[in-house]
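Participant: The file below is target-v6.txt, compact mmCIF, C-alpha atoms:
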# COMPACT_ATOMS: atom_id res chain seq x y z
CA MET A 26 88.48 100.40 107.89
CA ARG A 27 85.87 97.68 107.70
CA PRO A 28 83.88 97.97 104.52
CA ILE A 29 80.14 98.54 104.67
CA LEU A 30 78.24 95.60 103.23
CA LEU A 31 75.14 96.52 101.27
CA GLN A 32 72.75 93.60 101.52
CA GLY A 33 69.64 94.10 99.47
CA HIS A 34 70.15 92.40 96.16
CA THR A 35 69.37 88.72 95.86
CA ARG A 36 71.46 88.06 92.75
CA SER A 37 74.73 89.25 91.27
CA LEU A 38 75.44 92.93 90.83
CA THR A 39 75.79 94.21 87.27
CA GLN A 40 76.67 97.90 87.70
CA ILE A 41 77.05 100.49 90.46
CA LYS A 42 77.27 104.26 90.09
CA TYR A 43 77.73 107.23 92.43
CA ASN A 44 75.80 110.42 91.80
CA ARG A 45 77.75 113.63 91.15
CA GLU A 46 77.98 114.60 94.83
CA GLY A 47 78.77 111.05 95.87
CA ASP A 48 76.23 110.95 98.69
CA LEU A 49 74.17 108.36 96.82
CA LEU A 50 75.16 105.02 95.36
CA PHE A 51 72.96 103.38 92.73
CA SER A 52 73.12 99.66 92.06
CA CYS A 53 71.46 97.24 89.68
CA SER A 54 71.36 93.49 89.58
CA LYS A 55 70.19 90.35 87.86
CA ASP A 56 67.43 90.29 90.52
CA LYS A 57 65.44 92.70 88.25
CA VAL A 58 65.64 95.72 90.56
CA ALA A 59 67.78 98.79 91.06
CA ASN A 60 68.52 100.24 94.49
CA VAL A 61 69.74 103.55 95.86
CA TRP A 62 71.82 103.72 99.07
CA TYR A 63 73.39 106.40 101.23
CA SER A 64 77.07 105.94 100.45
CA HIS A 65 78.30 107.03 103.90
CA ASN A 66 76.40 104.45 105.97
CA GLY A 67 74.97 101.96 103.51
CA GLU A 68 71.36 102.65 104.40
CA ARG A 69 68.97 101.80 101.58
CA LEU A 70 66.79 104.69 100.50
CA GLY A 71 64.72 103.05 97.87
CA THR A 72 64.15 100.47 95.18
CA TYR A 73 63.18 100.88 91.55
CA THR A 74 60.88 98.03 90.57
CA GLY A 75 59.27 97.39 87.21
CA HIS A 76 61.76 95.59 85.00
CA GLN A 77 60.84 92.03 84.01
CA GLY A 78 64.40 90.83 83.54
CA ALA A 79 67.94 91.31 84.80
CA VAL A 80 68.90 94.98 85.05
CA TRP A 81 72.25 95.22 83.28
CA THR A 82 73.08 98.86 83.55
CA ILE A 83 72.32 102.10 85.38
CA ASP A 84 73.14 105.80 85.31
CA VAL A 85 72.01 108.94 87.14
CA ASN A 86 71.93 112.49 85.79
CA ALA A 87 74.06 115.32 87.21
CA SER A 88 71.26 116.81 89.30
CA SER A 89 70.36 113.37 90.77
CA THR A 90 66.76 113.77 89.64
CA LEU A 91 66.64 111.16 86.87
CA LEU A 92 67.81 107.57 86.79
CA VAL A 93 68.06 105.42 83.68
CA THR A 94 68.27 101.62 83.62
CA GLY A 95 68.70 99.05 80.84
CA SER A 96 67.41 95.52 81.15
CA ALA A 97 67.26 92.03 79.68
CA ASP A 98 63.51 92.66 79.27
CA ASN A 99 64.42 94.63 76.09
CA SER A 100 63.69 97.98 77.64
CA CYS A 101 65.24 101.07 79.05
CA LYS A 102 63.43 102.85 81.86
CA LEU A 103 63.69 106.43 83.05
CA TRP A 104 62.89 106.91 86.75
CA GLU A 105 62.34 109.81 89.08
CA VAL A 106 65.13 109.33 91.63
CA GLN A 107 63.24 110.79 94.57
CA THR A 108 59.96 108.88 94.25
CA GLY A 109 60.90 105.72 92.34
CA ARG A 110 58.24 106.55 89.76
CA CYS A 111 58.88 105.19 86.25
CA LEU A 112 58.63 108.16 83.89
CA LYS A 113 59.29 106.43 80.58
CA THR A 114 59.90 103.02 79.08
CA TRP A 115 61.76 102.80 75.79
CA GLU A 116 61.20 99.43 74.13
CA PHE A 117 63.83 97.68 72.01
CA ASN A 118 64.06 94.42 70.08
CA THR A 119 66.81 93.04 72.30
CA ALA A 120 68.33 93.47 75.77
CA VAL A 121 69.90 96.77 76.79
CA LYS A 122 73.44 96.22 78.08
CA ARG A 123 74.64 99.75 78.75
CA VAL A 124 73.15 103.19 79.34
CA GLU A 125 74.80 106.55 79.95
CA PHE A 126 73.62 110.14 80.21
CA SER A 127 75.43 112.61 77.98
CA GLU A 128 77.71 115.14 79.68
CA ASP A 129 75.05 117.83 79.30
CA ASN A 130 72.32 115.42 80.53
CA SER A 131 70.12 116.17 77.52
CA MET A 132 70.47 112.69 76.01
CA VAL A 133 70.93 109.08 76.98
CA LEU A 134 72.66 106.37 74.98
CA CYS A 135 71.44 102.78 75.08
CA VAL A 136 73.59 99.89 73.87
CA THR A 137 71.37 97.08 72.63
CA GLU A 138 72.29 93.44 72.28
CA GLU A 139 72.72 91.68 68.94
CA ARG A 140 70.34 88.75 68.47
CA MET A 141 69.33 86.70 65.46
CA GLY A 142 67.62 89.08 63.08
CA PHE A 143 68.54 92.18 65.06
CA ALA A 144 71.78 94.12 64.85
CA GLY A 145 73.31 95.51 68.01
CA THR A 146 72.85 99.28 68.20
CA VAL A 147 73.73 102.36 70.15
CA THR A 148 70.46 104.29 70.28
CA VAL A 149 70.41 107.86 71.54
CA TYR A 150 67.20 109.32 73.01
CA PRO A 151 66.59 112.91 74.06
CA VAL A 152 65.89 113.32 77.77
CA ASN A 153 63.55 115.92 79.18
CA ASN A 154 65.03 116.81 82.59
CA ASP A 155 61.65 118.05 83.82
CA VAL A 156 60.30 115.07 85.80
CA ASN A 157 56.75 116.08 84.90
CA GLY A 158 57.55 116.75 81.24
CA LYS A 159 56.92 114.49 78.26
CA GLN A 160 59.67 112.12 77.12
CA SER A 161 60.25 111.55 73.41
CA ASP A 162 59.70 108.27 71.58
CA THR A 163 61.93 109.29 68.68
CA PRO A 164 65.63 108.49 68.84
CA ILE A 165 68.11 111.18 67.84
CA VAL A 166 70.34 108.62 66.17
CA THR A 167 70.78 104.86 65.95
CA ILE A 168 74.37 103.77 65.42
CA THR A 169 75.01 100.31 63.97
CA ASN A 170 78.52 98.91 63.57
CA LYS A 171 77.77 97.47 60.14
CA GLY A 172 79.88 94.45 59.34
CA GLY A 173 81.76 94.81 62.60
CA SER A 174 81.62 93.31 66.04
CA LYS A 175 78.72 94.30 68.31
CA ALA A 176 79.15 97.05 70.89
CA VAL A 177 79.00 96.00 74.54
CA VAL A 178 79.91 99.24 76.32
CA ALA A 179 79.79 102.91 75.31
CA GLY A 180 80.16 106.43 76.64
CA TRP A 181 80.32 110.11 75.78
CA THR A 182 83.53 112.11 75.37
CA CYS A 183 84.09 115.65 76.65
CA LEU A 184 81.45 118.12 75.44
CA ASP A 185 79.54 115.14 73.99
CA LYS A 186 81.62 115.49 70.85
CA TYR A 187 81.93 111.76 70.22
CA ILE A 188 80.44 108.50 71.38
CA ILE A 189 83.04 105.85 72.11
CA THR A 190 81.97 102.22 71.77
CA GLY A 191 83.76 99.13 73.06
CA HIS A 192 83.15 95.88 71.26
CA GLU A 193 82.99 92.15 71.74
CA ASP A 194 86.15 91.57 69.68
CA GLY A 195 88.23 93.98 71.76
CA SER A 196 87.91 96.88 69.34
CA ILE A 197 87.05 100.48 70.18
CA CYS A 198 85.32 102.93 67.84
CA GLN A 199 84.89 106.67 67.96
CA TRP A 200 81.66 107.98 66.41
CA ASP A 201 80.60 111.40 65.27
CA TRP A 202 77.04 110.68 66.44
CA LYS A 203 75.63 113.83 64.81
CA THR A 204 76.47 112.50 61.36
CA ASN A 205 76.35 108.80 62.35
CA GLU A 206 79.89 108.30 61.05
CA LYS A 207 82.70 106.22 62.43
CA VAL A 208 85.72 108.50 62.86
CA LYS A 209 88.29 106.08 64.25
CA ALA A 210 88.57 102.38 65.03
CA ILE A 211 91.31 100.45 66.81
CA THR A 212 91.66 96.95 68.25
CA PRO A 213 93.70 97.37 71.42
CA HIS A 214 92.31 94.36 73.31
CA GLU A 215 92.29 90.66 72.53
CA GLY A 216 89.16 89.89 74.52
CA VAL A 217 85.66 91.26 74.97
CA LEU A 218 85.44 94.72 76.53
CA SER A 219 83.73 94.53 79.93
CA ASP A 220 83.82 98.12 81.14
CA MET A 221 84.59 101.66 80.02
CA GLN A 222 84.71 104.57 82.46
CA PHE A 223 85.64 108.17 81.71
CA SER A 224 87.80 110.63 83.64
CA PRO A 225 85.81 113.42 85.34
CA ASP A 226 86.43 115.78 82.40
CA ARG A 227 85.88 112.96 79.85
CA THR A 228 89.15 113.70 78.03
CA TYR A 229 90.33 110.15 78.69
CA PHE A 230 88.83 106.81 79.60
CA ILE A 231 89.80 103.42 80.96
CA THR A 232 88.74 100.09 79.51
CA ALA A 233 88.63 96.67 81.16
CA SER A 234 88.79 93.48 79.13
CA LYS A 235 88.50 89.75 79.55
CA ASP A 236 92.04 89.67 78.12
CA LYS A 237 93.15 90.56 81.70
CA ILE A 238 94.31 94.01 80.65
CA ALA A 239 93.02 97.51 81.32
CA LYS A 240 94.08 100.52 79.25
CA ILE A 241 93.71 104.28 79.30
CA PHE A 242 92.96 106.10 76.03
CA ASP A 243 92.89 109.70 74.93
CA SER A 244 89.20 110.36 74.08
CA MET A 245 90.06 112.52 71.06
CA THR A 246 92.95 110.62 69.44
CA LEU A 247 92.29 107.10 70.84
CA ASP A 248 96.03 106.94 71.59
CA ILE A 249 96.82 104.34 74.24
CA LYS A 250 98.22 106.31 77.18
CA LYS A 251 98.57 103.55 79.80
CA THR A 252 98.37 99.76 80.13
CA TYR A 253 97.67 97.76 83.29
CA VAL A 254 98.38 94.06 83.19
CA SER A 255 96.61 91.76 85.64
CA ASP A 256 96.35 87.98 86.06
CA THR A 257 92.60 87.55 85.84
CA PRO A 258 89.83 88.38 83.34
CA LEU A 259 88.68 91.90 84.16
CA ASN A 260 85.07 93.00 84.57
CA SER A 261 85.55 96.58 85.66
CA ALA A 262 88.03 99.44 85.78
CA ALA A 263 87.67 102.81 87.50
CA ILE A 264 89.78 105.94 87.89
CA THR A 265 90.34 107.65 91.27
CA PRO A 266 89.50 111.30 90.60
CA LYS A 267 91.31 112.93 93.52
CA HIS A 268 93.96 112.41 96.22
CA GLN A 269 95.78 109.62 94.40
CA GLU A 270 96.62 108.91 90.77
CA PHE A 271 95.27 105.36 90.88
CA VAL A 272 93.08 103.06 88.87
CA VAL A 273 91.06 100.25 90.46
CA LEU A 274 90.52 96.98 88.60
CA GLY A 275 88.25 94.08 89.43
CA GLY A 276 87.34 90.75 87.93
CA GLY A 277 87.87 87.04 88.45
CA GLN A 278 87.22 83.83 86.63
CA ASP A 279 83.55 83.19 85.87
CA ALA A 280 81.99 80.64 88.20
CA MET A 281 81.84 77.98 85.51
CA ASN A 282 85.57 78.35 84.88
CA VAL A 283 86.66 78.42 88.49
CA THR A 284 88.80 75.54 89.61
CA THR A 285 89.59 75.07 93.27
CA THR A 286 93.13 76.25 92.69
CA SER A 287 92.22 79.55 91.10
CA ALA A 288 89.69 80.19 93.87
CA ARG A 289 92.36 79.54 96.46
CA GLN A 290 94.67 81.94 94.73
CA GLY A 291 92.05 84.55 95.50
CA LYS A 292 91.49 86.46 92.31
CA PHE A 293 88.40 88.16 93.65
CA GLU A 294 90.23 91.26 94.80
CA SER A 295 90.10 94.89 93.83
CA ARG A 296 93.54 95.77 92.51
CA PHE A 297 94.95 99.25 92.80
CA TYR A 298 97.49 100.39 90.22
CA HIS A 299 99.40 103.62 90.01
CA LYS A 300 97.74 105.34 87.07
CA ILE A 301 100.86 106.99 85.71
CA LEU A 302 103.50 104.38 86.59
CA GLU A 303 101.28 101.37 85.70
CA GLU A 304 102.49 99.47 88.78
CA GLU A 305 100.26 97.56 91.16
CA VAL A 306 100.27 99.18 94.61
CA GLY A 307 97.73 97.18 96.58
CA ARG A 308 94.76 94.82 96.75
CA VAL A 309 91.52 94.72 98.70
CA ARG A 310 89.88 91.38 99.46
CA GLY A 311 86.31 90.65 100.39
CA HIS A 312 84.09 89.23 97.70
CA PHE A 313 83.29 85.52 97.47
CA GLY A 314 83.07 85.59 93.70
CA PRO A 315 84.15 87.72 90.74
CA ILE A 316 83.91 91.48 91.05
CA ASN A 317 81.51 92.65 88.37
CA THR A 318 81.57 96.39 88.86
CA ILE A 319 83.65 99.07 90.58
CA ALA A 320 82.92 102.76 91.15
CA VAL A 321 84.97 105.42 92.90
CA HIS A 322 83.42 108.24 94.93
CA PRO A 323 83.68 111.54 92.98
CA ASP A 324 85.69 113.01 95.88
CA GLY A 325 88.09 110.07 95.82
CA THR A 326 87.41 109.29 99.48
CA SER A 327 85.84 105.86 99.05
CA TYR A 328 85.16 103.22 96.46
CA SER A 329 82.61 100.46 96.04
CA SER A 330 82.60 97.08 94.40
CA GLY A 331 79.64 94.96 93.31
CA GLY A 332 80.12 91.23 93.11
CA GLU A 333 78.80 88.10 91.54
CA ASP A 334 78.14 87.16 95.18
CA GLY A 335 75.24 89.65 95.33
CA TYR A 336 76.91 92.13 97.67
CA VAL A 337 78.09 95.68 97.32
CA ARG A 338 81.06 96.57 99.51
CA VAL A 339 81.66 100.25 100.27
CA HIS A 340 85.23 100.97 101.33
CA HIS A 341 86.10 104.31 102.92
CA PHE A 342 89.81 104.84 102.49
CA ASP A 343 92.03 104.75 105.60
CA PRO A 344 94.19 107.78 106.48
CA ASP A 345 97.31 106.01 105.16
CA TYR A 346 95.70 105.79 101.72
CA PHE A 347 95.82 109.57 101.45
CA THR A 348 99.46 109.83 102.50
CA PHE A 349 100.72 106.95 100.35
CA LYS A 350 103.46 108.04 98.00
CA LEU A 351 105.40 105.98 95.52
CA GLU A 352 109.08 106.91 95.43
CA ILE A 353 109.81 108.76 92.21
CA ASP B 17 129.67 95.59 92.67
CA ASP B 18 126.20 94.32 93.57
CA LEU B 19 125.55 97.48 95.47
CA ALA B 20 126.72 99.58 92.54
CA MET B 21 124.46 97.60 90.18
CA GLY B 22 121.54 98.12 92.55
CA ASP B 23 122.19 101.83 92.64
CA ALA B 24 122.41 101.98 88.88
CA SER B 25 119.15 100.10 88.31
CA ALA B 26 117.42 102.11 91.01
CA ALA B 27 118.60 105.31 89.39
CA LYS B 28 117.34 104.05 86.03
CA LEU B 29 113.95 103.18 87.54
CA HIS B 30 113.63 106.59 89.12
CA ALA B 31 114.58 108.30 85.88
CA GLU B 32 111.90 106.29 84.06
CA ARG B 33 109.32 107.14 86.69
CA ARG B 34 110.16 110.83 86.55
CA LYS B 35 109.85 110.76 82.77
CA ALA B 36 106.45 109.00 82.94
CA VAL B 37 105.16 111.53 85.45
CA GLU B 38 106.43 114.49 83.41
CA GLU B 39 104.90 113.13 80.20
CA TRP B 40 101.55 112.45 81.87
CA TYR B 41 101.22 115.92 83.36
CA GLY B 42 102.45 117.50 80.15
CA TRP B 43 99.72 115.70 78.24
CA ARG B 44 97.11 116.54 80.89
CA LYS B 45 97.99 120.21 80.81
CA ALA B 46 97.77 120.37 77.01
CA THR B 47 94.50 118.42 76.97
CA GLU B 48 92.90 120.57 79.67
CA ARG B 49 93.92 123.74 77.85
CA LYS B 50 92.42 122.42 74.60
CA LEU B 51 89.19 121.47 76.38
CA GLN B 52 88.93 124.92 77.90
CA GLU B 53 89.31 126.47 74.43
CA ASP B 54 86.67 124.12 72.99
CA ARG B 55 84.30 124.95 75.83
CA LYS B 56 84.75 128.64 75.19
CA ALA B 57 84.17 128.20 71.45
CA LEU B 58 80.95 126.27 72.12
CA GLY B 59 79.80 128.67 74.83
CA LYS B 60 79.79 125.79 77.32
CA GLU B 61 82.15 127.28 79.85
CA LEU B 62 82.05 125.66 83.26
CA GLN B 63 80.10 127.61 85.84
CA ALA B 64 81.68 128.56 89.13
CA THR B 65 80.91 126.26 92.03
CA ASP B 66 79.34 129.15 93.93
CA ASP B 67 76.73 129.18 91.19
CA GLY B 68 74.06 131.78 91.87
CA LYS B 69 76.01 133.82 94.39
CA SER B 70 78.44 135.46 92.02
CA GLU B 71 76.12 135.52 89.04
CA ALA B 72 76.63 138.52 86.81
CA VAL B 73 73.69 140.87 86.85
CA GLU B 74 72.87 142.31 83.48
What's the structure tokens form of this structure?

Facilitator:
Amino acid sequence: MRPILLQGHTRSLTQIKYNREGDLLFSCSKDKVANVWYSHNGERLGTYTGHQGAVWTIDVNASSTLLVTGSADNSCKLWEVQTGRCLKTWEFNTAVKRVEFSEDNSMVLCVTEERMGFAGTVTVYPVNNDVNGKQSDTPIVTITNKGGSKAVVAGWTCLDKYIITGHEDGSICQWDWKTNEKVKAITPHEGVLSDMQFSPDRTYFITASKDKIAKIFDSMTLDIKKTYVSDTPLNSAAITPKHQEFVVLGGGQDAMNVTTTSARQGKFESRFYHKILEEEVGRVRGHFGPINTIAVHPDGTSYSSGGEDGYVRVHHFDPDYFTFKLEI
Amino acid sequence: DDLAMGDASAAKLHAERRKAVEEWYGWRKATERKLQEDRKALGKELQATDDGKSEAVE
């Protein structure tokens, strides 16, 4: 099926996210705005304007009432999904590179950039899910990887037991955020982590790295369960939750590193791998530049990719996708 | 001989795949069971999808 092209952003996409039902797709971009679209037809419902810099990251709560964004303007904003009203702005000393609601939606984590004089942090704020309620200015905890590499991505494990952080040096840490203690640390990647997405039950997660490899980890033990080897620096990795045991990887050489040969080789494709067997099973072309972000519909019926080219492409899977079976 | 080799390597591949699949689902089953226990212990059991309709009346 022809993908639906979402044209609305004027600069490269940084993150896309489906809501829990999958009827809405949220996107953010270097163009300083976030958008919400109907995922079935690509119609734009609304725009969230107010950030003064690139919007790096976005997340929506389980009831699709609250949206959180993190920006290069050193702030995190909480929005009412339905009206586009900004409910709260949390100010930081540096850019916010990653945000994520906790599993129970009562908190949000914000990964802040490291800049001269300021350490990179993972700051957790409480979230009042009443859109007319007051939002707190006091963080619950601020995690700093003292003496270690800065965090670039992070997420919550099942039951919000731990926060997992992915770092610039390819390391991954598991934090008991209640006591602000590092429980485990490993260095499974040789390049900067670019994405981290959890399974629906948050018992495992997939990482993407500039080292061209994606891996699946057990959230509790940090054991490496699976490894997917590609031929291009990866920017995103997602798990298909239903119908097929696949993972979807996307990336591509950064524009400044692209030579005509690598462009001709077409590395700007979404790559599908069998999650359990670690084998590549297919590719989807389309973007005219690196793929920055991939998200899969919670029902596993479609997936979307956001590119450096400024477009989001929504792909509804063909019937043969659902019947595909690798010989075992 | 070539055919026999092909059969042998194909058989090996299929055995490896079966093993990978068995190990994955074994791990998933154990993990899901553990999560269910943890949920119960924390009183955070998942609510039924027909939330509201089958709610227990006290």

Participant: Please check the contacts: residues of chain B at most 10 Å away from chain A, using all atoms listed in the file, listed as number ranges by chain.

Facilitator: B: 27, 29-41, 43-44, 47-48, 50-51, 54-55, 58, 60

Participant: So the first atom is atom CA of A:Thr265 and the second is atom CA of A:Gly325; what is the distance between them in Å, to one decimal place?

Facilitator: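 If I compute the distance from atom CA of A:Thr265 to atom CA of A:Gly325, I get 5.6 Å.
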
Participant: Leaving out stretch 319-324 of chain A and any residue of its chain fewer than 6 positions from it, which residues lie within 7 Å of it when counting all atoms listed in the file, given as a PyMOL selection string?

Facilitator: chain A and resi 41-43+45-47+261-267+275+330-331

Participant: Quick one: pull the distance between atom CA of A:Thr39 and atom CA of A:Ser54, Å, one decimal.

Facilitator: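 For atom CA of A:Thr39 relative to atom CA of A:Ser54, the distance reads 5.0 Å.
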
Participant: Report as lines of an AutoDock Vina configuration file the centre and the edge lengths, in Å to one decimal, of the axis-aligned box holding every listed atom of stretch 62-81 of chain A, padded by 3 Å on each side.

Facilitator:
center_x = 68.8
center_y = 98.9
center_z = 94.6
size_x = 25.0
size_y = 22.2
size_z = 28.7

Participant: For atom CA of A:Glu215 and atom CA of A:Gly311, quote the distance in Å rounded to one decimal.

Facilitator: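 Separating atom CA of A:Glu215 from atom CA of A:Gly311 is a distance of 28.5 Å.
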
Participant: May I have the residues within 9 Å of stretch 337-348 of chain A as a tab-separated table (two decimals) with C-alpha atoms, in the coordinates of the input, using all atoms listed in the file and disregarding those fewer than 3 positions away in the same chain?

Facilitator:
chain	number	residue	atom	x	y	z
A	26	MET	CA	88.48	100.40	107.89
A	27	ARG	CA	85.87	97.68	107.70
A	28	PRO	CA	83.88	97.97	104.52
A	29	ILE	CA	80.14	98.54	104.67
A	30	LEU	CA	78.24	95.60	103.23
A	31	LEU	CA	75.14	96.52	101.27
A	32	GLN	CA	72.75	93.60	101.52
A	33	GLY	CA	69.64	94.10	99.47
A	34	HIS	CA	70.15	92.40	96.16
A	38	LEU	CA	75.44	92.93	90.83
A	41	ILE	CA	77.05	100.49	90.46
A	52	SER	CA	73.12	99.66	92.06
A	64	SER	CA	77.07	105.94	100.45
A	65	HIS	CA	78.30	107.03	103.90
A	66	ASN	CA	76.40	104.45	105.97
A	67	GLY	CA	74.97	101.96	103.51
A	268	HIS	CA	93.96	112.41	96.22
A	269	GLN	CA	95.78	109.62	94.40
A	311	GLY	CA	86.31	90.65	100.39
A	312	HIS	CA	84.09	89.23	97.70
A	325	GLY	CA	88.09	110.07	95.82
A	326	THR	CA	87.41	109.29	99.48
A	327	SER	CA	85.84	105.86	99.05
A	328	TYR	CA	85.16	103.22	96.46
A	329	SER	CA	82.61	100.46	96.04
A	330	SER	CA	82.60	97.08	94.40
A	331	GLY	CA	79.64	94.96	93.31
A	332	GLY	CA	80.12	91.23	93.11
A	334	ASP	CA	78.14	87.16	95.18

Participant: Can you tell me which residues surround A:Gly195 at a distance of at most 12 Å, considering only C-alpha atoms, apart from same-chain residues fewer than 6 positions away, and format the answer as a PDB file with C-alpha atoms, keeping the file's coordinate frame?

Facilitator:
ATOM      1  CA  GLY A 173      81.760  94.810  62.600  1.00  0.00           C
ATOM      2  CA  SER A 174      81.620  93.310  66.040  1.00  0.00           C
ATOM      3  CA  LYS A 175      78.720  94.300  68.310  1.00  0.00           C
ATOM      4  CA  ALA A 176      79.150  97.050  70.890  1.00  0.00           C
ATOM      5  CA  VAL A 177      79.000  96.000  74.540  1.00  0.00           C
ATOM      6  CA  VAL A 178      79.910  99.240  76.320  1.00  0.00           C
ATOM      7  CA  ALA A 210      88.570 102.380  65.030  1.00  0.00           C
ATOM      8  CA  ILE A 211      91.310 100.450  66.810  1.00  0.00           C
ATOM      9  CA  THR A 212      91.660  96.950  68.250  1.00  0.00           C
ATOM     10  CA  PRO A 213      93.700  97.370  71.420  1.00  0.00           C
ATOM     11  CA  HIS A 214      92.310  94.360  73.310  1.00  0.00           C
ATOM     12  CA  GLU A 215      92.290  90.660  72.530  1.00  0.00           C
ATOM     13  CA  GLY A 216      89.160  89.890  74.520  1.00  0.00           C
ATOM     14  CA  VAL A 217      85.660  91.260  74.970  1.00  0.00           C
ATOM     15  CA  LEU A 218      85.440  94.720  76.530  1.00  0.00           C
ATOM     16  CA  SER A 219      83.730  94.530  79.930  1.00  0.00           C
ATOM     17  CA  ASP A 220      83.820  98.120  81.140  1.00  0.00           C
ATOM     18  CA  MET A 221      84.590 101.660  80.020  1.00  0.00           C
ATOM     19  CA  THR A 232      88.740 100.090  79.510  1.00  0.00           C
ATOM     20  CA  ALA A 233      88.630  96.670  81.160  1.00  0.00           C
ATOM     21  CA  SER A 234      88.790  93.480  79.130  1.00  0.00           C
ATOM     22  CA  LYS A 235      88.500  89.750  79.550  1.00  0.00           C
ATOM     23  CA  ASP A 236      92.040  89.670  78.120  1.00  0.00           C
ATOM     24  CA  LYS A 237      93.150  90.560  81.700  1.00  0.00           C
ATOM     25  CA  ILE A 238      94.310  94.010  80.650  1.00  0.00           C
ATOM     26  CA  ALA A 239      93.020  97.510  81.320  1.00  0.00           C
ATOM     27  CA  LYS A 240      94.080 100.520  79.250  1.00  0.00           C
TER      28      LYS A 240
END

Participant: Find the spatial neighbours of A:Ile165, counting all atoms listed in the file, within a cut-off of 8 Å - ignore same-chain residues fewer than 6 positions away - and output them as a ChimeraX atom specification.

Facilitator: /A:148-151
